[in-house]
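Asks: Below is the file query.tsv, which contains TSV, C-alpha atoms and all ligand atoms.
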```tsv
chain	number	residue	atom	x	y	z
A	1	GLY	CA	-136.07	6.47	-67.57
A	2	GLU	CA	-134.67	3.42	-65.88
A	3	ALA	CA	-136.03	0.91	-68.39
A	4	VAL	CA	-134.47	2.66	-71.36
A	5	HIS	CA	-131.18	2.97	-69.50
A	6	LYS	CA	-131.26	-0.76	-68.73
A	7	ILE	CA	-131.86	-1.69	-72.36
A	8	CYS	CA	-129.15	0.59	-73.72
A	9	SER	CA	-126.68	-0.54	-71.10
A	10	GLY	CA	-127.41	-4.16	-71.85
A	11	GLN	CA	-126.26	-3.35	-75.37
A	12	VAL	CA	-123.02	-1.71	-74.28
A	13	VAL	CA	-122.15	-4.42	-71.76
A	14	LEU	CA	-123.13	-7.37	-73.89
A	15	SER	CA	-121.24	-10.00	-71.99
A	16	LEU	CA	-118.90	-10.94	-69.20
A	17	ALA	CA	-116.06	-10.46	-71.67
A	18	VAL	CA	-117.06	-6.87	-72.43
A	19	ALA	CA	-117.59	-6.02	-68.76
A	20	LEU	CA	-114.09	-7.25	-67.90
A	21	LYS	CA	-112.53	-5.62	-70.93
A	22	GLU	CA	-114.02	-2.24	-69.99
A	23	LEU	CA	-112.74	-2.48	-66.43
A	24	LEU	CA	-109.29	-3.60	-67.51
A	25	GLU	CA	-109.11	-0.77	-70.05
A	26	ASN	CA	-109.97	1.74	-67.31
A	27	SER	CA	-107.13	0.37	-65.19
A	28	LEU	CA	-104.71	0.59	-68.10
A	29	ASP	CA	-105.90	4.13	-68.87
A	30	ALA	CA	-105.19	5.01	-65.21
A	31	GLY	CA	-101.56	4.05	-65.77
A	32	ALA	CA	-101.62	0.95	-63.57
A	33	SER	CA	-98.51	-1.24	-63.53
A	34	ALA	CA	-100.41	-4.07	-61.84
A	35	VAL	CA	-104.00	-5.20	-62.40
A	36	ASP	CA	-105.64	-8.09	-60.58
A	37	ILE	CA	-108.86	-9.46	-62.02
A	38	ARG	CA	-110.85	-11.63	-59.65
A	39	LEU	CA	-113.95	-13.62	-60.49
A	40	ARG	CA	-116.24	-15.66	-58.29
A	41	GLU	CA	-118.01	-18.56	-59.97
A	42	TYR	CA	-116.82	-17.53	-63.44
A	43	GLY	CA	-118.07	-14.00	-62.87
A	44	SER	CA	-121.66	-14.90	-62.11
A	45	GLU	CA	-121.31	-13.95	-58.45
A	46	LEU	CA	-118.67	-11.28	-58.61
A	47	ILE	CA	-116.16	-9.60	-60.83
A	48	GLU	CA	-113.54	-7.35	-59.34
A	49	VAL	CA	-110.69	-5.42	-60.92
A	50	VAL	CA	-107.99	-4.06	-58.63
A	51	ASP	CA	-105.35	-1.66	-59.91
A	52	ASN	CA	-102.52	0.54	-58.70
A	53	GLY	CA	-103.24	3.37	-61.16
A	54	ILE	CA	-103.60	7.05	-60.26
A	55	GLY	CA	-107.01	6.57	-58.64
A	56	ILE	CA	-110.09	8.73	-59.02
A	57	HIS	CA	-110.14	12.30	-57.82
A	58	PRO	CA	-112.99	13.18	-55.38
A	59	ASN	CA	-114.15	15.90	-57.81
A	60	ASN	CA	-115.16	13.08	-60.12
A	61	PHE	CA	-117.03	10.88	-57.63
A	62	GLU	CA	-120.53	12.25	-58.23
A	63	ALA	CA	-120.43	12.04	-62.00
A	64	LEU	CA	-118.31	8.89	-62.27
A	65	ALA	CA	-121.02	6.45	-63.26
A	66	LEU	CA	-123.39	8.88	-64.96
A	67	LYS	CA	-124.00	8.31	-68.61
A	68	HIS	CA	-121.45	9.96	-70.88
A	69	TYR	CA	-119.25	11.01	-68.02
A	70	THR	CA	-115.61	10.71	-68.97
A	71	SER	CA	-112.54	12.47	-67.68
A	72	LYS	CA	-110.63	11.51	-70.77
A	73	LEU	CA	-111.87	13.84	-73.51
A	74	ARG	CA	-111.00	17.41	-72.90
A	75	ASP	CA	-112.04	18.72	-76.24
A	76	PHE	CA	-113.81	17.35	-79.27
A	77	SER	CA	-110.81	17.61	-81.54
A	78	GLU	CA	-109.15	14.96	-79.39
A	79	LEU	CA	-111.59	12.39	-80.75
A	80	GLU	CA	-109.43	12.12	-83.83
A	81	GLY	CA	-106.38	10.75	-82.15
A	82	ILE	CA	-107.30	8.95	-79.01
A	83	ALA	CA	-104.55	7.35	-77.01
A	84	THR	CA	-106.66	6.13	-74.09
A	85	PHE	CA	-108.94	3.12	-74.43
A	86	GLY	CA	-111.93	4.88	-72.89
A	87	PHE	CA	-113.50	8.07	-74.12
A	88	ARG	CA	-117.24	7.48	-74.27
A	89	GLY	CA	-117.98	7.42	-70.57
A	90	GLU	CA	-120.41	4.57	-70.97
A	91	ALA	CA	-118.81	1.64	-69.22
A	92	LEU	CA	-119.34	2.43	-65.55
A	93	SER	CA	-122.79	3.81	-66.21
A	94	SER	CA	-123.76	0.64	-68.08
A	95	LEU	CA	-122.25	-1.63	-65.45
A	96	CYS	CA	-124.41	0.07	-62.81
A	97	ALA	CA	-127.49	-0.81	-64.78
A	98	VAL	CA	-126.60	-4.48	-65.17
A	99	GLY	CA	-125.29	-5.22	-61.66
A	100	GLN	CA	-124.35	-3.73	-58.29
A	101	LEU	CA	-121.34	-1.44	-58.67
A	102	VAL	CA	-119.00	-0.52	-55.81
A	103	VAL	CA	-115.82	1.47	-56.31
A	104	VAL	CA	-113.04	1.81	-53.75
A	105	THR	CA	-110.45	4.32	-54.82
A	106	ARG	CA	-107.70	6.56	-53.60
A	107	HIS	CA	-106.35	9.28	-55.83
A	108	GLU	CA	-102.63	9.96	-55.67
A	109	SER	CA	-103.33	13.42	-54.20
A	110	GLU	CA	-105.49	12.07	-51.34
A	111	PRO	CA	-104.40	10.84	-47.90
A	112	CYS	CA	-107.06	8.14	-47.69
A	113	GLY	CA	-109.42	6.08	-49.82
A	114	SER	CA	-113.17	6.25	-50.38
A	115	LYS	CA	-115.78	3.61	-50.90
A	116	LEU	CA	-118.47	4.61	-53.40
A	117	ILE	CA	-121.77	2.82	-53.86
A	118	PHE	CA	-123.88	3.52	-56.93
A	119	ASP	CA	-127.49	2.79	-57.75
A	120	LYS	CA	-128.90	1.36	-60.98
A	121	MET	CA	-128.93	4.77	-62.64
A	122	GLY	CA	-125.31	5.45	-61.74
A	123	VAL	CA	-126.22	7.95	-59.03
A	124	LEU	CA	-123.80	7.99	-56.10
A	125	GLN	CA	-125.69	6.61	-53.08
A	126	GLU	CA	-123.05	6.35	-50.44
A	127	ARG	CA	-119.55	7.60	-49.91
A	128	VAL	CA	-117.49	6.46	-46.95
A	129	PRO	CA	-113.80	6.87	-46.14
A	130	CYS	CA	-111.83	3.65	-46.13
A	131	PRO	CA	-108.19	2.60	-46.21
A	132	ARG	CA	-106.70	2.00	-49.63
A	133	GLN	CA	-103.34	2.25	-51.36
A	134	VAL	CA	-103.33	4.64	-54.32
A	135	GLY	CA	-105.38	2.98	-57.04
A	136	THR	CA	-108.87	1.70	-57.72
A	137	THR	CA	-110.96	-1.39	-57.08
A	138	VAL	CA	-114.16	-1.80	-59.03
A	139	THR	CA	-116.51	-4.55	-57.88
A	140	LEU	CA	-119.58	-5.71	-59.71
A	141	THR	CA	-121.88	-8.28	-58.19
A	142	ASN	CA	-124.92	-10.01	-59.63
A	143	LEU	CA	-124.04	-9.37	-63.23
A	144	PHE	CA	-127.20	-9.05	-65.36
A	145	SER	CA	-129.49	-9.45	-62.33
A	146	SER	CA	-131.57	-6.58	-63.68
A	147	LEU	CA	-131.98	-8.34	-67.03
A	148	PRO	CA	-133.49	-11.71	-66.07
A	149	VAL	CA	-133.43	-13.18	-69.55
A	150	ARG	CA	-129.81	-12.15	-70.10
A	151	GLN	CA	-128.90	-13.46	-66.67
A	152	LYS	CA	-130.49	-16.83	-67.29
A	153	GLU	CA	-128.70	-17.09	-70.62
A	154	PHE	CA	-125.46	-16.05	-68.90
A	155	HIS	CA	-125.78	-18.70	-66.19
A	156	ARG	CA	-126.69	-21.38	-68.68
A	157	ASN	CA	-123.61	-20.60	-70.82
A	158	LEU	CA	-121.27	-19.74	-67.98
A	159	LYS	CA	-118.30	-21.78	-69.19
A	160	ARG	CA	-118.61	-20.48	-72.73
A	161	GLU	CA	-118.95	-16.88	-71.53
A	162	PHE	CA	-115.93	-17.44	-69.33
A	163	SER	CA	-113.85	-18.79	-72.17
A	164	LYS	CA	-114.83	-15.84	-74.40
A	165	ALA	CA	-113.76	-13.51	-71.60
A	166	THR	CA	-110.49	-15.40	-71.18
A	167	HIS	CA	-109.78	-15.00	-74.88
A	168	LEU	CA	-110.47	-11.26	-74.86
A	169	LEU	CA	-108.44	-10.72	-71.68
A	170	SER	CA	-105.56	-12.71	-73.12
A	171	SER	CA	-105.25	-10.24	-75.99
A	172	TYR	CA	-104.61	-7.50	-73.42
A	173	CYS	CA	-102.19	-9.74	-71.52
A	174	LEU	CA	-100.21	-10.42	-74.70
A	175	ILE	CA	-99.83	-6.80	-75.74
A	176	SER	CA	-99.26	-5.22	-72.30
A	177	THR	CA	-95.53	-5.28	-71.78
A	178	ASN	CA	-95.42	-2.77	-68.95
A	179	VAL	CA	-98.23	-4.14	-66.79
A	180	LYS	CA	-98.45	-7.18	-64.56
A	181	ILE	CA	-101.89	-8.70	-65.06
A	182	SER	CA	-103.33	-11.60	-63.13
A	183	CYS	CA	-106.75	-13.19	-63.53
A	184	VAL	CA	-108.11	-15.53	-60.89
A	185	ASN	CA	-111.37	-17.45	-60.72
A	186	GLN	CA	-112.65	-18.63	-57.36
A	187	THR	CA	-115.22	-21.42	-57.33
A	188	LYS	CA	-116.48	-23.79	-54.67
A	189	LYS	CA	-113.82	-26.20	-55.89
A	190	GLY	CA	-110.95	-23.77	-55.37
A	191	ARG	CA	-108.93	-20.96	-56.89
A	192	THR	CA	-107.50	-20.99	-60.38
A	193	THR	CA	-105.20	-18.45	-61.97
A	194	PHE	CA	-106.34	-18.55	-65.56
A	195	LEU	CA	-104.09	-15.83	-66.95
A	196	CYS	CA	-101.07	-13.94	-65.75
A	197	THR	CA	-98.20	-11.88	-67.10
A	198	GLN	CA	-95.15	-10.22	-65.61
A	199	ASN	CA	-94.19	-6.58	-65.42
A	200	ASN	CA	-91.59	-5.18	-67.87
A	201	SER	CA	-91.93	-8.17	-70.12
A	202	THR	CA	-91.57	-8.53	-73.85
A	203	ILE	CA	-94.36	-9.74	-76.11
A	204	ARG	CA	-92.45	-13.01	-76.47
A	205	GLU	CA	-92.42	-13.43	-72.69
A	206	ASN	CA	-96.12	-12.63	-72.57
A	207	ILE	CA	-96.84	-15.29	-75.21
A	208	SER	CA	-94.89	-17.75	-73.12
A	209	CYS	CA	-96.77	-16.74	-69.93
A	210	VAL	CA	-100.19	-16.98	-71.55
A	211	PHE	CA	-99.76	-20.00	-73.84
A	212	GLY	CA	-96.59	-21.68	-72.61
A	213	PRO	CA	-93.03	-21.92	-73.95
A	214	LYS	CA	-94.05	-24.59	-76.44
A	215	GLN	CA	-96.28	-22.13	-78.32
A	216	LEU	CA	-93.42	-19.65	-78.43
A	217	SER	CA	-91.03	-22.20	-79.93
A	218	THR	CA	-93.22	-22.63	-83.03
A	219	LEU	CA	-93.34	-18.93	-83.91
A	220	LEU	CA	-91.62	-16.80	-86.51
A	221	GLU	CA	-91.16	-13.08	-86.21
A	222	ILE	CA	-93.12	-11.03	-88.72
A	223	VAL	CA	-90.75	-8.97	-90.81
A	224	MET	CA	-92.30	-6.32	-92.98
A	225	THR	CA	-91.65	-6.54	-96.71
A	226	GLU	CA	-92.85	-3.96	-99.22
A	227	PRO	CA	-95.27	-5.40	-101.76
A	228	SER	CA	-93.99	-6.44	-105.14
A	229	GLN	CA	-95.46	-5.08	-108.39
A	230	ASP	CA	-97.71	-8.10	-108.99
A	231	ILE	CA	-99.18	-7.89	-105.52
A	232	LEU	CA	-99.78	-4.16	-105.92
A	233	GLU	CA	-101.70	-4.99	-109.08
A	234	GLU	CA	-103.59	-7.81	-107.41
A	235	PHE	CA	-104.79	-5.41	-104.71
A	236	LYS	CA	-105.58	-2.76	-107.34
A	237	ILE	CA	-103.28	-0.20	-105.85
A	238	GLU	CA	-103.02	1.85	-109.03
A	239	ASN	CA	-101.56	5.04	-107.75
A	240	GLN	CA	-98.75	5.21	-105.33
A	241	TYR	CA	-98.38	2.69	-102.57
A	242	GLU	CA	-98.55	4.46	-99.24
A	243	ASN	CA	-96.48	3.03	-96.51
A	244	ILE	CA	-97.31	4.91	-93.35
A	245	PHE	CA	-97.60	1.87	-91.14
A	246	ARG	CA	-95.47	-0.78	-89.53
A	247	LEU	CA	-96.26	-4.44	-88.97
A	248	GLU	CA	-94.90	-6.25	-85.93
A	249	GLY	CA	-95.60	-9.60	-84.37
A	250	TYR	CA	-95.37	-13.35	-84.59
A	251	ILE	CA	-96.93	-16.13	-86.62
A	252	SER	CA	-96.75	-19.94	-86.52
A	253	SER	CA	-94.22	-21.45	-88.88
A	254	CYS	CA	-95.95	-23.38	-91.62
A	255	GLU	CA	-94.33	-26.74	-90.95
A	256	HIS	CA	-96.93	-29.37	-90.31
A	257	GLY	CA	-97.72	-29.51	-86.60
A	258	SER	CA	-96.71	-25.92	-85.89
A	259	GLY	CA	-100.17	-24.54	-86.48
A	260	ARG	CA	-103.38	-25.15	-84.58
A	261	SER	CA	-106.44	-27.17	-85.43
A	262	SER	CA	-108.68	-24.13	-85.03
A	263	ALA	CA	-108.39	-20.36	-85.39
A	264	ASP	CA	-108.38	-19.93	-81.62
A	265	ARG	CA	-105.20	-17.93	-81.15
A	266	GLN	CA	-105.37	-15.02	-83.54
A	267	PHE	CA	-104.83	-11.53	-82.17
A	268	ILE	CA	-104.80	-8.34	-84.18
A	269	PHE	CA	-103.97	-4.96	-82.70
A	270	ILE	CA	-103.94	-1.47	-84.08
A	271	ASN	CA	-101.53	0.69	-82.16
A	272	SER	CA	-101.54	-1.98	-79.45
A	273	ARG	CA	-105.31	-1.83	-79.15
A	274	PRO	CA	-106.97	-5.24	-79.54
A	275	CYS	CA	-109.51	-5.18	-82.33
A	276	ASP	CA	-111.52	-7.26	-84.77
A	277	LEU	CA	-110.17	-7.01	-88.28
A	278	SER	CA	-111.70	-9.90	-90.18
A	279	LYS	CA	-110.14	-9.02	-93.53
A	280	ILE	CA	-106.69	-9.24	-92.05
A	281	ILE	CA	-107.46	-12.52	-90.28
A	282	LYS	CA	-108.97	-13.94	-93.45
A	283	LEU	CA	-106.00	-13.01	-95.60
A	284	THR	CA	-103.58	-14.38	-93.00
A	285	ASN	CA	-105.36	-17.73	-92.89
A	286	GLU	CA	-105.56	-17.88	-96.69
A	287	ILE	CA	-101.83	-17.39	-97.06
A	288	TYR	CA	-101.06	-19.84	-94.27
A	289	HIS	CA	-103.30	-22.48	-95.83
A	290	ARG	CA	-101.22	-22.43	-98.98
A	291	TYR	CA	-98.30	-23.81	-96.96
A	292	ASN	CA	-100.13	-25.76	-94.27
A	293	ALA	CA	-103.53	-26.66	-95.61
A	294	HIS	CA	-105.11	-28.18	-92.54
A	295	GLN	CA	-104.06	-25.88	-89.75
A	296	TYR	CA	-104.50	-22.31	-88.58
A	297	PRO	CA	-101.61	-20.18	-87.44
A	298	PHE	CA	-101.14	-18.62	-84.06
A	299	VAL	CA	-100.89	-14.97	-85.02
A	300	LEU	CA	-100.19	-11.84	-83.09
A	301	LEU	CA	-100.04	-8.84	-85.37
A	302	ASN	CA	-99.63	-5.28	-84.16
A	303	ILE	CA	-100.26	-2.69	-86.85
A	304	LEU	CA	-98.73	0.64	-86.00
A	305	LEU	CA	-100.43	3.58	-87.69
A	306	PRO	CA	-100.36	7.34	-87.23
A	307	LYS	CA	-103.15	8.22	-84.81
A	308	GLN	CA	-104.97	10.50	-87.21
A	309	SER	CA	-105.59	7.69	-89.67
A	310	VAL	CA	-107.44	5.47	-87.18
A	311	ASP	CA	-111.10	5.78	-86.27
A	312	VAL	CA	-112.00	3.75	-83.22
A	313	ASN	CA	-115.36	5.40	-82.76
A	314	VAL	CA	-117.27	2.84	-84.81
A	315	THR	CA	-118.95	0.37	-82.48
A	316	PRO	CA	-119.79	0.72	-78.79
A	317	ASP	CA	-117.28	-1.91	-77.77
A	318	LYS	CA	-114.60	-0.18	-79.86
A	319	ARG	CA	-113.45	-3.51	-81.31
A	320	LEU	CA	-114.23	-2.53	-84.90
A	321	ILE	CA	-111.84	0.03	-86.18
A	322	PHE	CA	-111.68	1.86	-89.47
A	323	PHE	CA	-108.42	2.96	-90.87
A	324	GLU	CA	-107.04	4.46	-94.02
A	325	HIS	CA	-104.73	2.64	-96.40
A	326	GLU	CA	-106.36	-0.73	-95.89
A	327	LYS	CA	-105.42	-1.96	-99.35
A	328	SER	CA	-101.77	-1.02	-98.92
A	329	LEU	CA	-101.77	-2.78	-95.61
A	330	LEU	CA	-103.27	-6.00	-96.94
A	331	ALA	CA	-100.80	-6.02	-99.82
A	332	THR	CA	-97.89	-5.54	-97.44
A	333	LEU	CA	-99.18	-8.29	-95.18
A	334	LYS	CA	-99.44	-10.65	-98.10
A	335	CYS	CA	-95.91	-9.92	-99.24
A	336	SER	CA	-94.48	-10.11	-95.73
A	337	LEU	CA	-96.08	-13.44	-94.84
A	338	THR	CA	-95.28	-15.01	-98.20
A	339	LYS	CA	-91.63	-14.04	-97.80
A	340	ILE	CA	-91.50	-15.42	-94.26
A	341	PHE	CA	-93.00	-18.76	-95.30
A	342	GLU	CA	-90.96	-19.06	-98.51
A	343	ASN	CA	-87.77	-18.72	-96.49
A	344	ILE	CA	-88.55	-21.75	-94.40
A	345	PRO	CA	-86.53	-24.76	-95.46
A	346	SER	CA	-88.83	-27.68	-95.98
A	401	LIG	P1	-114.36	6.19	-70.11
A	401	LIG	O1	-113.34	5.14	-69.81
A	401	LIG	O2	-114.89	6.09	-71.49
A	401	LIG	O3	-113.91	7.57	-69.72
A	401	LIG	P2	-115.90	4.87	-68.09
A	401	LIG	O4	-117.36	4.82	-67.83
A	401	LIG	O5	-115.20	3.60	-68.38
A	401	LIG	O6	-115.65	5.91	-69.22
A	401	LIG	O7	-115.20	5.53	-66.84
A	401	LIG	C1	-115.64	6.81	-66.42
A	401	LIG	C2	-114.53	7.57	-65.72
A	401	LIG	O8	-114.23	6.91	-64.48
A	401	LIG	C3	-113.20	7.57	-66.47
A	401	LIG	O9	-113.15	8.62	-67.42
A	401	LIG	C4	-112.20	7.75	-65.34
A	401	LIG	O10	-112.11	9.12	-65.00
A	401	LIG	C5	-112.85	7.07	-64.16
A	401	LIG	N1	-112.32	5.71	-63.91
A	401	LIG	C6	-112.95	4.54	-64.15
A	401	LIG	N2	-112.19	3.49	-63.78
A	401	LIG	C7	-111.04	4.00	-63.30
A	401	LIG	C8	-109.83	3.43	-62.76
A	401	LIG	N3	-109.66	2.09	-62.65
A	401	LIG	N4	-108.87	4.28	-62.35
A	401	LIG	C9	-109.02	5.63	-62.46
A	401	LIG	N5	-110.12	6.22	-62.97
A	401	LIG	C10	-111.13	5.43	-63.38
A	402	MG	MG	-113.64	3.14	-69.80
```
Mind converting the file's structure to structure tokens?
Replies:
Amino acid sequence: GEAVHKICSGQVVLSLAVALKELLENSLDAGASAVDIRLREYGSELIEVVDNGIGIHPNNFEALALKHYTSKLRDFSELEGIATFGFRGEALSSLCAVGQLVVVTRHESEPCGSKLIFDKMGVLQERVPCPRQVGTTVTLTNLFSSLPVRQKEFHRNLKREFSKATHLLSSYCLISTNVKISCVNQTKKGRTTFLCTQNNSTIRENISCVFGPKQLSTLLEIVMTEPSQDILEEFKIENQYENIFRLEGYISSCEHGSGRSSADRQFIFINSRPCDLSKIIKLTNEIYHRYNAHQYPFVLLNILLPKQSVDVNVTPDKRLIFFEHEKSLLATLKCSLTKIFENIPS
């Protein structure tokens, strides 16, 4: 019933950050080259994500926000190697339960757009034609209004929730080189663009857009180095070392002043998908601390792995990812970072 749906959905959409992440991922999955994220009052009044992706086909309108509806999994075997961000079909359904969801979309095959209004259960209530370029706008108002305790908590911690969301969105901004993303917050005091990136950019340009040219000037490129024998032993890689991955990215140089006073800019990706990999973060900080004891590095690390060795289906927010060859990867990371830092003239 409705109560159960509300509770479960509250778990999927835990926060402003997760709501925005889900909508942005849908836009990226739809092949958008431009995504505009608009908030009113830090998201408490409205969140809106506008994209120029392929749009939603009318055949999918009815089921769009129903639980477990997804257009992205054609067959179970695909679960093994997912390229799209979405595949569970839970985001829109959950968003309906925690706020008022309106979708305006025009599929590339359609002459005109449609405005779709959904109820709390994700059932399509209203469907009216309306003008729209090809693409999709998803609007959510009154986030968490159906969960009074969550809403109160959300309003009380608005700035903190907003900064968590900014951090999560910035990881997508950094890694998206083929998409122009802009994030704007409108308050009574005015409009602020809190994040933006350009189209056809490099990761370096994205870092500069998001954190400024000064951040970029302190960074070293991560160059992958195969682990030495002692490191292989340290990581107890007895049999053969399996190198099926690639490491790419940037890290702060270890000169004093190049790092940061907190671990606030650390971004790990697997196959360009932002994720939480605490072991990798921990090892990175440990190595960095040997050269710069009181600071934390900026780090952006993209781990490229064959799709079949990644399992993203671990937690509902898909941030926790399992993958094979973890030990080999940690050993390689250790060797690579050590080499980079050792080469720095002091
Ligand atoms: P999932 O992303 O896991 O498939 P969602 O609940 O996030 O599930 O979305 C449900 C479906 O709605 C998607 O599979 C997709 O077909 C459609 N959809 C949602 N947002 C967009 C968008 N911005 N552009 C095109 N299609 C979308
Ligand atoms: Mg999705």
Asks: Hey, what's within 10 Å of Asn206 in chain A if we count all atoms listed in the file and toss same-chain stuff fewer than 2 positions away? As a list in words, please?
Replies: Ser170, Tyr172, Cys173, Leu174, Ile175, Ser176, Thr177, Lys180, Cys196, Thr197, Gln198, Asn199, Asn200, Ser201, Thr202, Ile203, Arg204, Ser208, Cys209, Val210, Phe211, Gly212, Pro213 and Leu216 of chain A
Asks: Could you list the protein, DNA and RNA residues that have any atom within 10 Å of ligand LIG 401 (chain A), counting only C-alpha atoms and all ligand atoms, and write them as a PyMOL selection string?
Replies: chain A and resi 19+21-32+35+49-57+60-61+63-73+84-96+103-107+134-138
Asks: Could you save those same residues with C-alpha atoms as a compact mmCIF listing (two decimals), in the frame of the given file?
Replies:
```
# COMPACT_ATOMS: atom_id res chain seq x y z
CA ALA A 19 -117.59 -6.02 -68.76
CA LYS A 21 -112.53 -5.62 -70.93
CA GLU A 22 -114.02 -2.24 -69.99
CA LEU A 23 -112.74 -2.48 -66.43
CA LEU A 24 -109.29 -3.60 -67.51
CA GLU A 25 -109.11 -0.77 -70.05
CA ASN A 26 -109.97 1.74 -67.31
CA SER A 27 -107.13 0.37 -65.19
CA LEU A 28 -104.71 0.59 -68.10
CA ASP A 29 -105.90 4.13 -68.87
CA ALA A 30 -105.19 5.01 -65.21
CA GLY A 31 -101.56 4.05 -65.77
CA ALA A 32 -101.62 0.95 -63.57
CA VAL A 35 -104.00 -5.20 -62.40
CA VAL A 49 -110.69 -5.42 -60.92
CA VAL A 50 -107.99 -4.06 -58.63
CA ASP A 51 -105.35 -1.66 -59.91
CA ASN A 52 -102.52 0.54 -58.70
CA GLY A 53 -103.24 3.37 -61.16
CA ILE A 54 -103.60 7.05 -60.26
CA GLY A 55 -107.01 6.57 -58.64
CA ILE A 56 -110.09 8.73 -59.02
CA HIS A 57 -110.14 12.30 -57.82
CA ASN A 60 -115.16 13.08 -60.12
CA PHE A 61 -117.03 10.88 -57.63
CA ALA A 63 -120.43 12.04 -62.00
CA LEU A 64 -118.31 8.89 -62.27
CA ALA A 65 -121.02 6.45 -63.26
CA LEU A 66 -123.39 8.88 -64.96
CA LYS A 67 -124.00 8.31 -68.61
CA HIS A 68 -121.45 9.96 -70.88
CA TYR A 69 -119.25 11.01 -68.02
CA THR A 70 -115.61 10.71 -68.97
CA SER A 71 -112.54 12.47 -67.68
CA LYS A 72 -110.63 11.51 -70.77
CA LEU A 73 -111.87 13.84 -73.51
CA THR A 84 -106.66 6.13 -74.09
CA PHE A 85 -108.94 3.12 -74.43
CA GLY A 86 -111.93 4.88 -72.89
CA PHE A 87 -113.50 8.07 -74.12
CA ARG A 88 -117.24 7.48 -74.27
CA GLY A 89 -117.98 7.42 -70.57
CA GLU A 90 -120.41 4.57 -70.97
CA ALA A 91 -118.81 1.64 -69.22
CA LEU A 92 -119.34 2.43 -65.55
CA SER A 93 -122.79 3.81 -66.21
CA SER A 94 -123.76 0.64 -68.08
CA LEU A 95 -122.25 -1.63 -65.45
CA CYS A 96 -124.41 0.07 -62.81
CA VAL A 103 -115.82 1.47 -56.31
CA VAL A 104 -113.04 1.81 -53.75
CA THR A 105 -110.45 4.32 -54.82
CA ARG A 106 -107.70 6.56 -53.60
CA HIS A 107 -106.35 9.28 -55.83
CA VAL A 134 -103.33 4.64 -54.32
CA GLY A 135 -105.38 2.98 -57.04
CA THR A 136 -108.87 1.70 -57.72
CA THR A 137 -110.96 -1.39 -57.08
CA VAL A 138 -114.16 -1.80 -59.03
```
Asks: Find the residues with any atom within 10 Å of (-103.1, -12.4, -80.1); use all atoms listed in the file and the coordinates as given in the file, and write the answer as a ChimeraX atom specification.
Replies: /A:167-168,170-175,203,207,249-251,264-269,274-275,298-302
Asks: Dump C-alpha atoms for the selected residues as a short mmCIF file (atom, residue, chain, number, x, y, z; two decimals), keeping the file's coordinate frame?
Replies:
```cif
data_model
loop_
_atom_site.label_atom_id
_atom_site.label_comp_id
_atom_site.auth_asym_id
_atom_site.auth_seq_id
_atom_site.Cartn_x
_atom_site.Cartn_y
_atom_site.Cartn_z
CA HIS A 167 -109.78 -15.00 -74.88
CA LEU A 168 -110.47 -11.26 -74.86
CA SER A 170 -105.56 -12.71 -73.12
CA SER A 171 -105.25 -10.24 -75.99
CA TYR A 172 -104.61 -7.50 -73.42
CA CYS A 173 -102.19 -9.74 -71.52
CA LEU A 174 -100.21 -10.42 -74.70
CA ILE A 175 -99.83 -6.80 -75.74
CA ILE A 203 -94.36 -9.74 -76.11
CA ILE A 207 -96.84 -15.29 -75.21
CA GLY A 249 -95.60 -9.60 -84.37
CA TYR A 250 -95.37 -13.35 -84.59
CA ILE A 251 -96.93 -16.13 -86.62
CA ASP A 264 -108.38 -19.93 -81.62
CA ARG A 265 -105.20 -17.93 -81.15
CA GLN A 266 -105.37 -15.02 -83.54
CA PHE A 267 -104.83 -11.53 -82.17
CA ILE A 268 -104.80 -8.34 -84.18
CA PHE A 269 -103.97 -4.96 -82.70
CA PRO A 274 -106.97 -5.24 -79.54
CA CYS A 275 -109.51 -5.18 -82.33
CA PHE A 298 -101.14 -18.62 -84.06
CA VAL A 299 -100.89 -14.97 -85.02
CA LEU A 300 -100.19 -11.84 -83.09
CA LEU A 301 -100.04 -8.84 -85.37
CA ASN A 302 -99.63 -5.28 -84.16
#
```
Asks: What is the CA of Ile280 in chain A-CA of Glu205 in chain A distance in Å, reported with one decimal?
Replies: 24.4 Å
Asks: Which polymer residues, protein or nucleic acid, are no farther than 7 Å from (-118.8, 8.5, -55.0), counting all atoms listed in the file, as a list in words?
Replies: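 Checking each residue against the 7 Å limit leaves Phe61, Glu62, Leu116, Ile117, Leu124, Glu126 and Arg127 of chain A.
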Asks: Could you tell me which of A:Gly99, A:Ser328, A:Arg160, A:Asn178 comes closest to Asn239 in chain A if we count only C-alpha atoms?
Replies: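 Of all the options, A:Ser328 lies closest to Asn239 in chain A.
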Asks: Nearest residue to Arg260 in chain A out of A:His325, A:Lys282, A:Leu305, A:Leu219, using all atoms listed in the file?
Replies: A:Leu219
Asks: Record the distance separating CA of Leu195 in chain A and CA of Leu147 in chain A, expressed in Å with one decimal.
Replies: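 For CA of Leu195 in chain A relative to CA of Leu147 in chain A, the distance reads 28.9 Å.
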Asks: Restricting the calculation to only C-alpha atoms and all ligand atoms: of A:Leu20, A:Cys183, A:Gln100, A:Leu330, which residue gets closest to ligand MG 402 (chain A)?
Replies: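 Going through A:Leu20, A:Cys183, A:Gln100, A:Leu330 one by one, the smallest distance to ligand MG 402 (chain A) is for A:Leu20.
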Asks: Residues within 12 Å of Asp230 in chain A, please, as a list in words. Count only C-alpha atoms; anything in the same chain fewer than 3 positions from it doesn't count.
Replies: Glu226, Pro227, Glu233, Glu234, Phe235, Lys236, Ile237, Glu238, Ala331, Thr332, Lys334 and Cys335 of chain A
Asks: One number please: CA of Arg132 in chain A to CA of Val98 in chain A, in Å, one decimal.
Replies: 26.1 Å
Asks: Could you check the closest approach to Tyr291 in chain A for each of A:Leu337, A:Ile303, A:Val149, A:Ala165 and tell me which residue wins, using only C-alpha atoms?
Replies: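 Closest to Tyr291 in chain A, using only C-alpha atoms: A:Leu337.
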